[in-house]
file protein.txt (compact mmCIF, C-alpha atoms (C1' of nucleotides))
# COMPACT_ATOMS: atom_id res chain seq x y z
CA MET E 9 0.00 0.00 0.00
CA GLU E 10 1.42 3.35 -1.08
CA LYS E 11 1.55 6.34 1.21
CA SER E 12 -1.08 9.00 0.75
CA THR E 13 -0.01 12.29 -0.77
CA GLU E 14 -0.26 14.01 2.57
CA GLU E 15 1.94 11.42 4.21
CA LYS E 16 4.50 11.74 1.44
CA ILE E 17 4.53 15.50 1.93
CA LEU E 18 4.94 15.25 5.68
CA ALA E 19 7.77 12.78 5.39
CA ALA E 20 9.54 14.91 2.81
CA ALA E 21 8.98 18.12 4.76
CA LYS E 22 10.32 16.60 7.95
CA ASN E 23 13.41 15.50 6.12
CA VAL E 24 14.10 18.85 4.49
CA PHE E 25 13.19 21.08 7.42
CA VAL E 26 15.16 19.05 9.91
CA THR E 27 18.32 18.97 7.83
CA LYS E 28 18.21 22.52 6.44
CA GLY E 29 16.17 24.40 9.01
CA MET E 30 13.22 26.70 8.35
CA ALA E 31 15.32 29.37 6.64
CA GLY E 32 17.33 26.96 4.51
CA ALA E 33 14.45 24.75 3.40
CA ARG E 34 13.02 25.30 -0.10
CA MET E 35 9.42 24.47 -0.96
CA GLN E 36 10.66 23.10 -4.27
CA ASP E 37 12.99 20.69 -2.47
CA ILE E 38 10.11 19.39 -0.39
CA ALA E 39 7.92 19.00 -3.46
CA ASP E 40 10.69 17.18 -5.31
CA GLU E 41 11.41 14.84 -2.44
CA ALA E 42 7.71 14.08 -2.11
CA GLY E 43 7.57 13.47 -5.86
CA ILE E 44 4.84 16.00 -6.47
CA ASN E 45 4.20 19.41 -7.94
CA LYS E 46 4.90 22.55 -5.94
CA ALA E 47 1.34 23.78 -6.35
CA LEU E 48 0.07 20.57 -4.81
CA LEU E 49 2.21 21.29 -1.81
CA HIS E 50 0.40 24.60 -1.34
CA TYR E 51 -2.89 22.86 -1.90
CA TYR E 52 -2.29 20.65 1.14
CA PHE E 53 -0.49 23.20 3.30
CA ARG E 54 -1.34 26.81 2.60
CA ASN E 55 2.21 28.10 2.94
CA LYS E 56 5.70 27.39 4.18
CA GLU E 57 4.97 28.66 7.68
CA LYS E 58 1.94 26.41 8.15
CA LEU E 59 3.84 23.38 6.94
CA PHE E 60 6.77 24.21 9.15
CA GLU E 61 4.52 24.57 12.16
CA VAL E 62 3.20 21.05 11.70
CA ILE E 63 6.69 19.59 11.45
CA PHE E 64 8.09 21.65 14.29
CA MET E 65 5.24 20.88 16.67
CA ASP E 66 5.60 17.20 15.96
CA ALA E 67 9.33 17.38 16.61
CA ALA E 68 8.95 19.43 19.78
CA GLN E 69 6.33 17.02 21.08
CA LYS E 70 8.82 14.20 20.69
CA LEU E 71 11.53 16.14 22.49
CA PHE E 72 9.60 17.09 25.59
CA PRO E 73 6.77 14.74 26.33
CA LYS E 74 7.77 11.62 28.16
CA ILE E 75 9.81 13.53 30.68
CA ASN E 76 6.66 14.64 32.36
CA SER E 77 5.26 11.21 33.12
CA ILE E 78 8.58 10.12 34.56
CA PHE E 79 8.88 13.20 36.75
CA GLU E 80 5.33 12.83 37.96
CA SER E 81 5.62 9.18 38.86
CA ASP E 82 6.02 8.12 42.47
CA ALA E 83 9.11 6.02 41.90
CA PRO E 84 12.12 6.58 44.16
CA LEU E 85 14.69 9.14 43.03
CA PHE E 86 17.39 6.90 41.62
CA GLU E 87 14.91 4.79 39.73
CA LYS E 88 13.40 7.96 38.32
CA ILE E 89 16.75 9.18 37.13
CA GLU E 90 17.53 5.86 35.54
CA ASN E 91 14.18 5.77 33.77
CA PHE E 92 14.59 9.30 32.61
CA CYS E 93 18.01 8.75 31.03
CA GLU E 94 17.12 5.44 29.48
CA GLU E 95 13.85 6.68 28.05
CA TYR E 96 15.36 9.87 26.74
CA ILE E 97 18.33 8.26 25.10
CA THR E 98 16.11 5.67 23.45
CA VAL E 99 13.81 8.28 21.94
CA MET E 100 16.72 10.43 20.78
CA SER E 101 18.52 7.50 19.23
CA GLU E 102 15.52 7.04 16.99
CA ASN E 103 15.51 10.73 16.02
CA PRO E 104 19.07 11.91 16.56
CA TYR E 105 18.55 15.08 14.53
CA LEU E 106 15.57 16.33 16.50
CA PRO E 107 17.28 18.07 19.43
CA LEU E 108 19.51 20.31 17.35
CA PHE E 109 16.63 21.15 15.03
CA VAL E 110 14.20 22.05 17.78
CA LEU E 111 16.71 23.90 19.93
CA ASN E 112 17.92 25.86 16.96
CA GLU E 113 14.50 26.90 15.73
CA ILE E 114 13.45 27.92 19.21
CA SER E 115 16.48 30.14 19.59
CA LYS E 116 15.95 31.65 16.12
CA ASP E 117 12.35 32.52 16.84
CA SER E 118 11.38 32.07 20.45
CA GLU E 119 8.22 34.14 19.91
CA MET E 120 6.86 31.45 17.63
CA PHE E 121 7.64 28.83 20.22
CA LEU E 122 5.82 30.69 22.97
CA GLY E 123 2.81 31.35 20.78
CA LYS E 124 2.34 28.01 19.12
CA PHE E 125 3.56 25.65 21.79
CA LEU E 126 2.84 26.99 25.21
CA ASN E 127 -0.94 26.98 24.99
CA LYS E 128 -1.36 23.64 23.27
CA GLN E 129 1.18 21.62 25.17
CA GLN E 130 1.64 21.98 28.88
CA PHE E 131 5.28 22.07 29.75
CA PRO E 132 6.81 19.34 31.89
CA LEU E 133 7.16 20.92 35.29
CA PRO E 134 9.98 19.32 37.24
CA GLN E 135 8.63 20.64 40.52
CA LYS E 136 8.11 17.21 41.99
CA PHE E 137 11.55 16.05 40.96
CA LEU E 138 13.23 19.05 42.54
CA GLU E 139 11.39 18.54 45.82
CA GLN E 140 12.35 14.89 45.81
CA VAL E 141 16.01 15.78 45.47
CA GLU E 142 15.77 18.28 48.31
CA LYS E 143 14.20 15.64 50.49
CA GLU E 144 17.01 13.21 49.82
CA ILE E 145 19.54 15.90 50.60
CA ARG E 146 17.90 16.61 53.96
CA LYS E 147 17.88 12.89 54.69
CA GLY E 148 21.59 12.92 53.92
CA THR E 149 21.24 10.18 51.32
CA ILE E 150 22.97 12.24 48.63
CA LYS E 151 25.49 15.03 48.51
CA LYS E 152 24.42 18.61 48.89
CA ILE E 153 23.88 19.99 45.41
CA SER E 154 21.51 22.40 43.75
CA PRO E 155 18.56 20.28 42.56
CA LEU E 156 18.17 22.46 39.49
CA HIS E 157 21.82 21.97 38.62
CA LEU E 158 21.42 18.25 38.93
CA LEU E 159 18.44 18.33 36.61
CA ILE E 160 20.22 20.46 34.04
CA ASN E 161 23.25 18.21 34.16
CA LEU E 162 21.09 15.16 33.58
CA ILE E 163 19.42 16.74 30.61
CA SER E 164 22.76 17.99 29.30
CA MET E 165 24.37 14.57 29.38
CA SER E 166 21.34 12.96 27.77
CA ILE E 167 20.80 15.39 24.93
CA PHE E 168 24.13 17.00 24.14
CA PRO E 169 25.78 13.94 22.60
CA PHE E 170 23.12 14.13 19.89
CA VAL E 171 23.46 17.87 19.42
CA GLY E 172 27.22 17.82 19.37
CA LYS E 173 27.57 14.63 17.37
CA PRO E 174 29.13 16.27 14.30
CA MET E 175 31.72 17.88 16.54
CA ILE E 176 32.37 14.83 18.69
CA GLN E 177 32.80 12.59 15.69
CA PHE E 178 36.11 14.26 15.00
CA VAL E 179 37.62 13.58 18.37
CA MET X 26 38.05 56.68 17.80
CA GLU X 27 35.51 55.26 15.37
CA LYS X 28 35.66 51.71 14.12
CA SER X 29 37.00 51.14 10.62
CA THR X 30 34.53 50.10 7.97
CA GLU X 31 35.89 46.59 7.97
CA GLU X 32 35.43 46.31 11.71
CA LYS X 33 31.90 47.60 11.44
CA ILE X 34 31.16 44.98 8.80
CA LEU X 35 32.64 42.16 10.84
CA ALA X 36 30.72 43.15 13.94
CA ALA X 37 27.47 43.42 12.00
CA ALA X 38 28.08 40.16 10.15
CA LYS X 39 28.82 38.30 13.35
CA ASN X 40 25.62 39.58 14.83
CA VAL X 41 23.43 38.66 11.89
CA PHE X 42 25.04 35.31 11.06
CA VAL X 43 25.04 34.14 14.64
CA THR X 44 21.41 34.99 15.27
CA LYS X 45 19.95 33.97 11.90
CA GLY X 46 22.42 31.38 10.65
CA MET X 47 24.03 31.24 7.21
CA ALA X 48 20.77 30.43 5.41
CA GLY X 49 18.69 33.00 7.24
CA ALA X 50 21.17 35.87 7.07
CA ARG X 51 20.61 38.56 4.43
CA MET X 52 23.45 40.61 2.98
CA GLN X 53 21.17 43.63 3.13
CA ASP X 54 20.65 43.14 6.86
CA ILE X 55 24.38 43.05 7.43
CA ALA X 56 24.89 46.16 5.34
CA ASP X 57 22.12 47.99 7.20
CA GLU X 58 23.45 47.00 10.59
CA ALA X 59 26.92 48.12 9.57
CA GLY X 60 25.43 51.39 8.32
CA ILE X 61 26.83 51.03 4.82
CA ASN X 62 25.81 50.27 1.27
CA LYS X 63 25.39 46.70 0.13
CA ALA X 64 27.90 47.17 -2.68
CA LEU X 65 30.50 48.21 -0.16
CA LEU X 66 29.94 44.95 1.62
CA HIS X 67 30.85 43.07 -1.53
CA TYR X 68 33.80 45.38 -2.00
CA TYR X 69 35.28 44.22 1.30
CA PHE X 70 34.15 40.59 1.15
CA ARG X 71 33.63 39.17 -2.30
CA ASN X 72 30.46 37.26 -1.45
CA LYS X 73 28.28 35.87 1.28
CA GLU X 74 30.21 32.62 1.50
CA LYS X 75 33.55 34.35 2.02
CA LEU X 76 32.13 36.62 4.68
CA PHE X 77 30.48 33.71 6.40
CA GLU X 78 33.70 31.77 6.40
CA VAL X 79 35.49 34.55 8.26
CA ILE X 80 32.79 34.75 10.90
CA PHE X 81 32.42 31.00 11.24
CA MET X 82 36.14 30.36 11.53
CA ASP X 83 36.44 33.00 14.20
CA ALA X 84 33.54 31.48 16.12
CA ALA X 85 34.85 27.95 15.77
CA GLN X 86 38.28 29.05 16.94
CA LYS X 87 36.70 30.41 20.08
CA LEU X 88 34.77 27.20 20.69
CA PHE X 89 37.64 24.74 20.39
CA PRO X 90 40.96 26.30 21.14
CA LYS X 91 41.77 26.56 24.80
CA ILE X 92 40.78 22.99 25.45
CA ASN X 93 43.95 21.84 23.83
CA SER X 94 46.35 23.64 26.10
CA ILE X 95 44.51 22.38 29.15
CA PHE X 96 44.52 18.81 27.92
CA GLU X 97 48.19 19.01 27.03
CA SER X 98 49.29 20.42 30.35
CA ASP X 99 50.95 18.20 32.93
CA ALA X 100 48.60 19.13 35.75
CA PRO X 101 47.01 16.30 37.74
CA LEU X 102 43.67 14.99 36.56
CA PHE X 103 41.28 16.73 38.91
CA GLU X 104 43.01 20.05 38.51
CA LYS X 105 42.80 19.60 34.75
CA ILE X 106 39.09 18.94 34.89
CA GLU X 107 38.51 21.94 37.09
CA ASN X 108 40.53 24.17 34.80
CA PHE X 109 38.71 22.84 31.78
CA CYS X 110 35.23 23.52 33.13
CA GLU X 111 36.08 26.89 34.55
CA GLU X 112 37.83 28.07 31.40
CA TYR X 113 35.14 26.77 29.14
CA ILE X 114 32.26 28.25 31.04
CA THR X 115 34.01 31.61 31.23
CA VAL X 116 34.57 31.77 27.49
CA MET X 117 31.03 30.64 26.73
CA SER X 118 29.50 33.14 29.13
CA GLU X 119 31.09 35.86 27.07
CA ASN X 120 29.70 34.38 23.84
CA PRO X 121 26.65 32.38 24.84
CA TYR X 122 25.33 32.16 21.30
CA LEU X 123 28.47 30.64 19.81
CA PRO X 124 27.98 26.95 20.60
CA LEU X 125 24.55 26.63 19.02
CA PHE X 126 25.68 28.62 16.00
CA VAL X 127 28.81 26.60 15.37
CA LEU X 128 27.24 23.23 16.10
CA ASN X 129 24.32 24.01 13.87
CA GLU X 130 26.36 25.18 10.91
CA ILE X 131 28.65 22.18 11.18
CA SER X 132 25.72 19.82 11.09
CA LYS X 133 24.14 21.69 8.16
CA ASP X 134 27.30 21.51 6.09
CA SER X 135 29.95 19.28 7.57
CA GLU X 136 31.83 19.25 4.27
CA MET X 137 32.58 22.92 4.66
CA PHE X 138 33.80 22.30 8.15
CA LEU X 139 36.15 19.55 7.09
CA GLY X 140 37.49 21.57 4.19
CA LYS X 141 37.93 24.96 5.75
CA PHE X 142 38.78 24.05 9.32
CA LEU X 143 40.66 20.81 9.47
CA ASN X 144 43.75 21.95 7.57
CA LYS X 145 44.10 25.37 9.13
CA GLN X 146 43.39 24.51 12.73
CA GLN X 147 44.68 21.33 14.28
CA PHE X 148 42.03 19.72 16.35
CA PRO X 149 42.46 19.34 20.10
CA LEU X 150 43.38 15.73 20.58
CA PRO X 151 42.32 14.53 24.00
CA GLN X 152 44.67 11.56 23.79
CA LYS X 153 46.68 12.61 26.80
CA PHE X 154 43.56 13.22 28.89
CA LEU X 155 42.14 9.79 28.09
CA GLU X 156 45.40 8.08 29.05
CA GLN X 157 45.50 10.03 32.27
CA VAL X 158 42.01 8.84 33.18
CA GLU X 159 42.96 5.24 32.41
CA LYS X 160 45.99 5.55 34.63
CA GLU X 161 43.89 6.81 37.54
CA ILE X 162 41.47 3.96 37.04
CA ARG X 163 44.28 1.39 37.19
CA LYS X 164 45.56 3.07 40.32
CA GLY X 165 42.08 2.73 41.77
CA THR X 166 41.81 6.43 42.52
CA ILE X 167 38.57 6.80 40.60
CA LYS X 168 35.68 4.58 39.62
CA LYS X 169 35.87 2.43 36.53
CA ILE X 170 34.31 4.41 33.72
CA SER X 171 34.90 4.81 30.01
CA PRO X 172 37.36 7.72 29.71
CA LEU X 173 35.68 8.85 26.51
CA HIS X 174 32.30 8.89 28.24
CA LEU X 175 33.74 10.98 31.02
CA LEU X 176 35.12 13.45 28.51
CA ILE X 177 31.86 13.68 26.61
CA ASN X 178 29.93 14.17 29.83
CA LEU X 179 32.24 16.98 30.86
CA ILE X 180 31.84 18.72 27.55
CA SER X 181 28.08 18.12 27.62
CA MET X 182 27.63 19.70 31.02
CA SER X 183 29.82 22.65 30.09
CA ILE X 184 28.30 23.49 26.73
CA PHE X 185 24.72 22.30 26.75
CA PRO X 186 23.37 24.88 29.17
CA PHE X 187 24.26 27.50 26.57
CA VAL X 188 22.81 25.54 23.67
CA GLY X 189 19.64 24.66 25.50
CA LYS X 190 19.20 28.00 27.19
CA PRO X 191 16.01 28.98 25.33
CA MET X 192 14.48 25.65 26.32
CA ILE X 193 15.72 25.66 29.90
CA GLN X 194 14.49 29.18 30.50
CA PHE X 195 10.95 27.84 30.50
CA VAL X 196 11.45 25.32 33.19
C1' DA J 25 48.77 70.53 -9.35
C1' DC J 26 47.77 66.11 -11.29
C1' DA J 27 47.21 61.32 -11.72
C1' DT J 28 46.21 57.11 -9.47
C1' DT J 29 44.54 54.25 -6.20
C1' DT J 30 41.08 53.38 -2.57
C1' DG J 31 36.52 53.84 -0.56
C1' DT J 32 31.55 54.59 -1.26
C1' DT J 33 27.09 55.05 -3.44
C1' DA J 34 22.73 54.59 -6.30
C1' DA J 35 20.81 52.11 -9.83
C1' DC J 36 20.51 47.97 -11.93
C1' DC J 37 20.29 42.72 -13.11
C1' DA J 38 19.51 37.79 -13.16
C1' DA J 39 18.36 33.98 -10.55
C1' DA J 40 15.85 31.99 -6.90
C1' DT J 41 11.80 31.57 -4.31
C1' DG J 42 7.13 31.65 -2.20
C1' DG J 43 2.91 31.71 -3.93
C1' DT J 44 -1.22 31.90 -7.47
C1' DT J 45 -4.24 30.73 -11.52
C1' DA J 46 -6.65 28.31 -14.61
C1' DA J 47 -7.08 24.33 -16.82
C1' DA J 48 -7.11 19.18 -16.75
C1' DT J 49 -7.77 14.81 -14.65
C1' DT J 50 -9.73 11.67 -11.30
C1' DA J 51 -13.02 10.27 -7.71
C1' DA J 52 -17.58 10.64 -5.56
C1' DA J 53 -22.23 11.63 -5.36
C1' DT J 54 -26.86 12.03 -7.70
C1' DA B 11 -24.72 9.09 -17.21
C1' DT B 12 -23.97 13.47 -15.49
C1' DT B 13 -23.02 16.79 -12.24
C1' DT B 14 -20.06 17.96 -8.41
C1' DA B 15 -16.18 17.89 -5.66
C1' DA B 16 -11.42 16.68 -4.80
C1' DT B 17 -6.59 16.17 -6.87
C1' DT B 18 -2.91 17.33 -9.75
C1' DT B 19 -0.38 19.87 -13.13
C1' DA B 20 2.00 23.46 -16.09
C1' DA B 21 2.60 28.06 -16.63
C1' DC B 22 2.84 32.26 -14.56
C1' DC B 23 3.72 36.30 -11.18
C1' DA B 24 5.69 39.38 -7.64
C1' DT B 25 9.17 39.80 -4.39
C1' DT B 26 13.37 38.85 -2.45
C1' DT B 27 18.10 38.26 -2.77
C1' DG B 28 23.00 37.82 -4.02
C1' DG B 29 25.73 40.16 -6.88
C1' DT B 30 27.42 43.79 -10.58
C1' DT B 31 28.22 48.33 -12.92
C1' DA B 32 29.40 52.74 -13.55
C1' DA B 33 29.92 56.94 -11.71
C1' DC B 34 31.52 59.82 -7.84
C1' DA B 35 34.33 61.23 -3.76
C1' DA B 36 38.34 60.93 -0.87
C1' DA B 37 42.93 59.77 -0.03
C1' DT B 38 47.63 59.07 -1.62
C1' DG B 39 51.56 59.28 -4.30
C1' DT B 40 54.39 62.03 -7.80
call {"tool": "encode", "arguments": {"input": "protein.txt", "output": "C-alpha cells"}}
result
Amino acid sequence: MEKSTEEKILAAAKNVFVTKGMAGARMQDIADEAGINKALLHYYFRNKEKLFEVIFMDAAQKLFPKINSIFESDAPLFEKIENFCEEYITVMSENPYLPLFVLNEISKDSEMFLGKFLNKQQFPLPQKFLEQVEKEIRKGTIKKISPLHLLINLISMSIFPFVGKPMIQFV
Amino acid sequence: MEKSTEEKILAAAKNVFVTKGMAGARMQDIADEAGINKALLHYYFRNKEKLFEVIFMDAAQKLFPKINSIFESDAPLFEKIENFCEEYITVMSENPYLPLFVLNEISKDSEMFLGKFLNKQQFPLPQKFLEQVEKEIRKGTIKKISPLHLLINLISMSIFPFVGKPMIQFV
DNA sequence: ACATTTGTTAACCAAATGGTTAAATTAAAT
DNA sequence: ATTTAATTTAACCATTTGGTTAACAAATGT
C-alpha cells in the first residue's frame, strides 16, 4: 500500500526542514522529495509557515513529552533518574537530529515557540523532581547539590551527545 | 576613535550570522546594521560565503581552542578537569550564542567544516587526557568508567546549558 | 597641481523563491 | 450518465536576494 499524498509531503517536509532548518528549506525541495508538484504542496499546506509549524510541533512534542510522566511518577529518586536517562536516550537515538533542530529553531524565533507551543502543550514541570532531590539531601542520602543543577546536568548529558555529534565525531 | 569600515562589517556580520544562521542571514541586513551600502559589503568581502567563512572560523576558533592547552598540560587529573570547566564556562559566558551557532552550521554543512577548518586549525586531541584517566582507574583512585564517556559528559555539562538555554528558561 | 589608487554610493540585473491561476484529470455523489 | 467535488499539473507572477556596474568622492603618491 502506497503512502497517501499528505503522508508523502509530511515525510519529505520533515526531512528537508530538519536537515536545512526553516530558513534553509526550499518548498521546491520538499515537493521534489515528495515526488509532487509545488502547487500541490500549497494545496495541502497553505504556505511554508503552516507546513513548518506542523513539522516543528511534531518534533517538539517528541523532544519534551515523556519527561513529564517520569517526573510525575512516584518512583524513588534513583529509579526515576535511571528511567529518565534510558527513556530519553532511546527516543533520541531514533531521532538523533531532533534536538539540534528544535533547539535551533526555538532560539531563532522564540516568539513562535511561545505562541504556538505553550498553549497547546503543557510544559513538563519538574517541581516534583526538585522537591524529591531536596528531600534526599535533607535525609543525607545524597550530597548537597543544587537540585536544578542536577536536573540540568542530567538533561545535558542525555541530549548533548546528539546535538554535538558532528563535533564529537572528530575527536 | 571610530571603528574602521571593515570592523563595522565584521561586527554586524557576526551579529546577523550568529542569530539567523548562514541560510537566514541577508546581505542587506548586514549592510544595514553596519550602516553602509550593500555594494561596499561586496567590495570588502567578495560574497556571502567568504564573509560567512570569516565569521564562522572565528567562532569555531573560540569554541575549540583553549581545550587543547589544558589537555596538554601536565597538571594532575582533577586540577585539569577543574581548569577545563572553569575556562570553558568563562569563554562561553562571554559568547553564549556561539555553541549553538557553530554546532548548527557544522551539522548543516559538515563538508565545509572539514574543508575549511581541518587543515588550518589542528584539532584538540584529548589523547593525553584519556590516558590520564585510564591511569587513575588502574591506580584505583577513581571509579571504573569509560574515559571517553567521562570526557563527553564533561563537555556536555559545560556546553549544553548554553545551547539549550532557550528551552531551559521555560522550566 | 595632477594622476592614481582606494573607498563609497545609487541604480541595476539575473536567478531563486514563495505563492497563485486556470485548466485538466480523477473520484464521488446524484 | 452526469453533475459535483477533490486532486494534480504546467505556466505564470511578484518579491526577495545575491551580486554587478558605472559613476563619484576621498585619499595618496608624484
call {"tool": "atom_distance", "arguments": {"input": "protein.txt", "atom1": "atom CA of Tyr105 of chain E", "atom2": "atom CA of Gly123 of chain E"}}
result
23.5 Å
call {"tool": "closest_residue", "arguments": {"input": "protein.txt", "among": "E:Lys143, E:Lys88, E:Arg34, E:Lys16", "to": "chain X", "atoms": "only C-alpha atoms"}}
result
E:Arg34
call {"tool": "residues_around", "arguments": {"input": "protein.txt", "residues": "segment 29-35 of chain J", "least_positions_apart": "3", "cutoff": "10 Å", "atoms": "only C-alpha atoms (C1' of nucleotides)", "output": "list in words"}}
result
Thr30, Ile61, Asn62, Lys63, Ala64, Leu65, Tyr68 and Tyr69 of chain X; DT31, DA32, DA33, DC34, DA35, DA36, DA37, DT38 and DG39 of chain B
call {"tool": "interface_residues", "arguments": {"input": "protein.txt", "of": "chain E", "to": "chain X", "cutoff": "9 Å", "atoms": "only C-alpha atoms", "output": "PyMOL selection string"}}
result
chain E and resi 27-33+108-109+111-112+114-116+118+131-134+160-169+171-176+178-179
call {"tool": "closest_atom_pairs", "arguments": {"input": "protein.txt", "of": "chain J", "to": "chain E", "cutoff": "12 Å", "atoms": "only C-alpha atoms (C1' of nucleotides)", "output": "CSV"}}
result
residue,atom,partner,partner_atom,distance
J:DA40,C1',E:Arg34,CA,10.0
J:DT41,C1',E:Arg34,CA,7.7
J:DG42,C1',E:Met35,CA,7.6
J:DG43,C1',E:Asn55,CA,7.8
J:DT44,C1',E:Ala47,CA,8.6
J:DT45,C1',E:Ala47,CA,10.3
call {"tool": "atom_distance", "arguments": {"input": "protein.txt", "atom1": "atom CA of Lys87 of chain X", "atom2": "atom CA of Leu123 of chain X"}}
result
8.2 Å
call {"tool": "atom_distance", "arguments": {"input": "protein.txt", "atom1": "atom CA of Leu138 of chain E", "atom2": "atom CA of Asn108 of chain X"}}
result
28.8 Å
call {"tool": "interface_residues", "arguments": {"input": "protein.txt", "of": "chain B", "to": "chain E", "cutoff": "12 Å", "atoms": "all atoms listed in the file", "output": "list in words"}}
result
DA16, DT17, DT18, DT19, DA20, DA21 and DC22 of chain B
call {"tool": "residues_around", "arguments": {"input": "protein.txt", "residues": "Ile80 of chain X", "least_positions_apart": "3", "cutoff": "9 Å", "atoms": "all atoms listed in the file", "output": "MDAnalysis selection string"}}
result
chainID X and resid 35 38:39 42:43 75:77 83:85
call {"tool": "residues_around", "arguments": {"input": "protein.txt", "residues": "DA39 of chain J", "least_positions_apart": "5", "cutoff": "12 Å", "atoms": "only C-alpha atoms (C1' of nucleotides)", "output": "list in words"}}
result
DT26, DT27, DG28 and DG29 of chain B
call {"tool": "closest_residue", "arguments": {"input": "protein.txt", "among": "E:Leu85, E:Ile78, E:Met100, E:Leu49", "to": "Val141 of chain E", "atoms": "only C-alpha atoms"}}
result
E:Leu85
call {"tool": "residues_around", "arguments": {"input": "protein.txt", "residues": "DT54 of chain J", "least_positions_apart": "2", "cutoff": "10 Å", "atoms": "only C-alpha atoms (C1' of nucleotides)", "output": "PyMOL selection string"}}
result
(chain J and resi 52) or (chain B and resi 12-14)
call {"tool": "write_last_selection", "arguments": {"input": "protein.txt", "atoms": "C-alpha atoms (C1' of nucleotides)", "output": "mmCIF file, in the frame of the given file"}}
result
data_model
loop_
_atom_site.group_PDB
_atom_site.id
_atom_site.type_symbol
_atom_site.label_atom_id
_atom_site.label_comp_id
_atom_site.auth_asym_id
_atom_site.auth_seq_id
_atom_site.Cartn_x
_atom_site.Cartn_y
_atom_site.Cartn_z
ATOM 1 C "C1'" DA J 52 -17.580 10.640 -5.560
ATOM 2 C "C1'" DT B 12 -23.970 13.470 -15.490
ATOM 3 C "C1'" DT B 13 -23.020 16.790 -12.240
ATOM 4 C "C1'" DT B 14 -20.060 17.960 -8.410
#
